[in-house]
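Following: one structure in structure tokens, then a few remarks.
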Amino acid sequence: MMPDILPPCNECAKCCFAGPWLLKGIDINIPEEYVIELPEGIQINNPLKLNNYLGRLKQRENGSCVMLDEDSKTCTIYDNRPLACKLFHRGSPSCLEVLDGN
Ligand code: SF4
Ligand code: SF4
């Protein structure tokens, strides 16, 4: 087994303020009322270089994802969170960029 060389996630939830969180077909379990559909063919620049997005998660005025419980700093749909969130690894360049920006 590979040693875990990444720094531990401090559960700051800052990545949940770093949208847009783009959705693909696999994210079918996201409740419709929390999704903003994207016009067909639109491309949004993002660090994960995913494409063929169907939509994005809504954000609150303070920038947080609507699926974030701001008191506990936990994801309310953790098991069904978007692929983009599943690919966002603690200690990754994207994580460090989010942490550096604060
Ligand atoms: S879906 Fe969950 S993990 Fe993804 S940004 Fe929203 S609260 Fe965070
Ligand atoms: S993945 Fe990074 S930004 Fe997200 S909660 Fe963990 S330490 Fe914070």
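In the structure tokens, chains take the letters A, B, ... in the order shown, each chain's residues start at 1, and ligands count up from 1 in the order shown.
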| task | Return as a PyMOL selection string the residues of protein, DNA or RNA that approach ligand 1 to within 10 Å, with only C-alpha atoms and all ligand atoms taken into account. | result | chain A and resi 13-23+30+34+57-59+64-70+73-88
Near-ligand residues for ligand 2, threshold 6 Å, only C-alpha atoms and all ligand atoms, as a tab-separated table (two decimals) with N, CA and C atoms, in the first residue's frame:
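Output contents, as saved in pocket_31.tsv:
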```tsv
chain	number	residue	atom	x	y	z
A	9	CYS	N	-6.56	16.71	5.52
A	9	CYS	CA	-7.60	17.71	5.30
A	9	CYS	C	-7.97	18.31	6.64
A	10	ASN	N	-7.95	19.64	6.71
A	10	ASN	CA	-8.29	20.27	7.99
A	10	ASN	C	-9.79	20.56	8.11
A	11	GLU	N	-10.54	20.08	7.11
A	11	GLU	CA	-12.00	20.21	7.11
A	11	GLU	C	-12.43	21.67	7.23
A	12	CYS	N	-11.65	22.53	6.57
A	12	CYS	CA	-11.97	23.96	6.61
A	12	CYS	C	-13.16	24.30	5.74
A	13	ALA	N	-13.48	23.43	4.77
A	13	ALA	CA	-14.59	23.63	3.82
A	13	ALA	C	-14.35	24.80	2.87
A	14	LYS	N	-13.12	25.28	2.80
A	14	LYS	CA	-12.86	26.39	1.88
A	14	LYS	C	-13.06	25.97	0.43
A	15	CYS	N	-12.86	24.70	0.15
A	15	CYS	CA	-13.10	24.23	-1.23
A	15	CYS	C	-14.58	24.32	-1.58
A	89	HIS	N	-8.99	16.59	-4.18
A	89	HIS	CA	-8.30	15.90	-3.09
A	89	HIS	C	-7.61	16.87	-2.15
A	90	ARG	N	-7.66	16.55	-0.90
A	90	ARG	CA	-6.92	17.30	0.10
A	90	ARG	C	-5.43	17.31	-0.25
A	95	CYS	N	-6.45	22.27	-3.88
A	95	CYS	CA	-6.68	22.50	-2.45
A	95	CYS	C	-5.70	23.55	-1.92
A	98	VAL	N	-6.63	26.99	-3.05
A	98	VAL	CA	-7.75	27.53	-2.27
A	98	VAL	C	-7.25	28.01	-0.90
A	99	LEU	N	-6.41	27.21	-0.27
A	99	LEU	CA	-5.91	27.58	1.05
A	99	LEU	C	-5.01	28.81	0.98
```
| task | In Å, rounded to a single decimal, give me how far CA of Glu33 (chain A) is from CA of Leu54 (chain A). | result |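 If I compute the distance from CA of Leu54 (chain A) to CA of Glu33 (chain A), I get 14.1 Å.
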| CA of Gly101 (chain A) to CA of Glu61 (chain A), straight-line distance in Å | 18.6 Å
| request: Rounded to one decimal place, report the CA of Val35 (chain A)-CA of Arg56 (chain A) distance in Å. | output: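 These atoms are spaced 5.7 Å apart.
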